[in-house]
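Here's the structure we're looking at; comments come further down.
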Amino acid sequence: MKKTLLSPSEKLYQKLREQGLDFFVTVPCKLLAEIITLIENDSEVIYTPVTREEEGIGVLAGAYLAGKHPAIVMQNSGIGNCINAICSLLNYYSLPIVFIISQRGSKGEKIEAQKPMGEATKALLEAAKVIYYEISTINELPFIGEGVNKAYLKQKSVAFLFPFSFWENSR
């Protein structure tokens with residue numbers, strides 16, 4: 001019997017579901033297309049696509065208050081769009097939201113316009129007091145469990161950054 005290898009997105013989604021995440025909002029990104037499809041096709045989760053990241057933050061805050069374990073799947077350029085919602089809603093009310101972020105502008109980026117935000121992403125997360133982990137390979141996926149547990153224990157949001165190396169070197 002031939003064993004089927006899981007793609008990086010499938011392994012990532014499996015890990016997210018193992019952590020009990022059950023409510024997802026997404027903003028489109030080429031690197032995240034496969035994981036977004038996995039979410040769309042999972043009848044055991046609630047899925048809501050949004051057009052802007054700060055809109056997603058509001059939806060997720062409500063989901064958390066309703067007893068769900070929510071996450072947003074987005075590109076790092078969206079951090080700039082939702083920084084106020086992170087600080088004045090999530091942080092102020094201690095709402096732990098999980099961010100799954102494709103790290104555009106990281107090594108391997110071909111679009112020059114993505115690089116400035118790629119360089120600013122970690123500093124913006126630190127300024128917003130969001131715990132973050134950079135997941136460069138599938139071997140680092142166990143950090144997701146650590147991060148999600150820390151988020152709920154400390155009642156703070158956590159971000160997982162996935163640079164190009166995760167998608168390219170994890171096959």
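In the structure tokens, each chain is lettered A, B, ... as it comes, each chain's residues begin at 1, and ligands are numbered from 1 in order of appearance.
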
Each range 44-97 of chain A residue no farther than 7 Å from range 27-35 of chain A, nearest pair in Å, only C-alpha atoms, as a Markdown table:
| residue | atom | partner | partner_atom | distance |
| --- | --- | --- | --- | --- |
| A:Pro49 | CA | A:Val27 | CA | 6.3 |
| A:Val50 | CA | A:Val27 | CA | 5.7 |
| A:Thr51 | CA | A:Val27 | CA | 6.1 |
| A:Arg52 | CA | A:Val27 | CA | 6.7 |
| A:Glu53 | CA | A:Val27 | CA | 6.7 |
| A:Val73 | CA | A:Val27 | CA | 6.4 |
| A:Met74 | CA | A:Val27 | CA | 5.1 |
| A:Gln75 | CA | A:Cys29 | CA | 6.1 |

* Shell around Glu44 in chain A at 12 Å using only C-alpha atoms, local window under 2 positions removed, as a PyMOL selection string -> chain A and resi 17+20-24+38-42+46-47

* Asked: Within 10 Å of range 107-116 of chain A, counting only C-alpha atoms, which residues qualify if same-chain residues fewer than 2 places away don't, as a ChimeraX atom specification?
  -> /A:76-77,103-105,118-121,163-165,168

Could those selected residues go to a file with C-alpha atoms, as a PDB file, in the first residue's frame?
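Written output follows (again34.pdb):
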ATOM      1  CA  ASN A  76       1.225  39.642   6.957  1.00  0.00           C
ATOM      2  CA  SER A  77       0.371  42.780   4.986  1.00  0.00           C
ATOM      3  CA  GLN A 103       4.986  35.975   5.835  1.00  0.00           C
ATOM      4  CA  ARG A 104       5.261  37.740   2.507  1.00  0.00           C
ATOM      5  CA  GLY A 105       8.494  39.678   2.083  1.00  0.00           C
ATOM      6  CA  GLY A 118       7.896  41.658   5.578  1.00  0.00           C
ATOM      7  CA  GLU A 119      10.639  43.510   7.425  1.00  0.00           C
ATOM      8  CA  ALA A 120       8.172  45.318   9.717  1.00  0.00           C
ATOM      9  CA  THR A 121       5.921  42.376  10.624  1.00  0.00           C
ATOM     10  CA  PRO A 163       7.743  32.352   5.628  1.00  0.00           C
ATOM     11  CA  PHE A 164       8.320  31.070   2.097  1.00  0.00           C
ATOM     12  CA  SER A 165      10.652  28.393   3.503  1.00  0.00           C
ATOM     13  CA  GLU A 168       8.939  25.421  -0.198  1.00  0.00           C
TER      14      GLU A 168
END

* Might you pull out every residue within 10 Å of range 82-87 of chain A, with only C-alpha atoms counted and same-chain residues fewer than 2 positions away left off, and present them as a list in words? => Arg52, Glu53, Glu54, Glu55, Gly56, Ile57, Gly58, Ala61, Ser77, Gly78, Ile79, Gly80, Leu89, Leu90, Asn91, Tyr92, Tyr93, Ser94, Leu95, Ile97, Leu124, Leu125, Ala127, Ala128, Lys129, Val130 and Ser157 of chain A

Residue selection dump (C-alpha atoms) as an mmCIF file, in the first residue's frame:
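And here's again23.cif as it stands now:
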data_model
loop_
_atom_site.group_PDB
_atom_site.id
_atom_site.type_symbol
_atom_site.label_atom_id
_atom_site.label_comp_id
_atom_site.auth_asym_id
_atom_site.auth_seq_id
_atom_site.Cartn_x
_atom_site.Cartn_y
_atom_site.Cartn_z
ATOM 1 C CA ARG A 52 -10.489 42.965 5.415
ATOM 2 C CA GLU A 53 -8.516 41.770 8.402
ATOM 3 C CA GLU A 54 -10.013 44.168 10.955
ATOM 4 C CA GLU A 55 -13.466 42.925 9.965
ATOM 5 C CA GLY A 56 -12.241 39.417 10.762
ATOM 6 C CA ILE A 57 -10.951 40.516 14.165
ATOM 7 C CA GLY A 58 -14.432 41.750 15.105
ATOM 8 C CA ALA A 61 -13.926 38.457 19.039
ATOM 9 C CA SER A 77 0.371 42.780 4.986
ATOM 10 C CA GLY A 78 -2.950 42.668 6.834
ATOM 11 C CA ILE A 79 -1.267 43.360 10.177
ATOM 12 C CA GLY A 80 -1.220 47.026 9.189
ATOM 13 C CA LEU A 89 -10.306 45.144 21.105
ATOM 14 C CA LEU A 90 -8.304 41.946 21.544
ATOM 15 C CA ASN A 91 -5.708 43.261 23.973
ATOM 16 C CA TYR A 92 -8.056 45.530 25.902
ATOM 17 C CA TYR A 93 -10.578 42.749 26.517
ATOM 18 C CA SER A 94 -7.980 39.932 26.791
ATOM 19 C CA LEU A 95 -9.351 37.949 23.842
ATOM 20 C CA ILE A 97 -7.196 34.960 18.893
ATOM 21 C CA LEU A 124 4.481 45.390 14.627
ATOM 22 C CA LEU A 125 3.433 42.191 16.399
ATOM 23 C CA ALA A 127 4.422 46.564 19.502
ATOM 24 C CA ALA A 128 0.879 45.158 19.577
ATOM 25 C CA LYS A 129 1.923 42.695 22.305
ATOM 26 C CA VAL A 130 1.021 39.663 20.199
ATOM 27 C CA SER A 157 -3.415 36.552 20.995
#

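Running DSSP on the backbone gives alpha helix (DSSP H) for these residues within range 37-70 of chain A: Thr37, Leu38, Ile39, Glu40, Glu53, Glu54, Glu55, Gly56, Ile57, Gly58, Val59, Leu60, Ala61, Gly62, Ala63, Tyr64 and Leu65 of chain A.
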
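On the backbone of this structure, DSSP gives strand (DSSP E or B) within range 34-110 of chain A to A:Ile46, A:Tyr47, A:Thr48, A:Pro49, A:Pro70, A:Ala71, A:Ile72, A:Val73, A:Met74, A:Gln75, A:Val98, A:Phe99, A:Ile100, A:Ile101, A:Ser102.
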
* Hey, can you check how far CA of Tyr133 in chain A sits from CA of Phe160 in chain A? -> 4.9 Å

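Pairwise distance (CA of Ser106 in chain A, CA of Asn149 in chain A) equals 26.6 Å.
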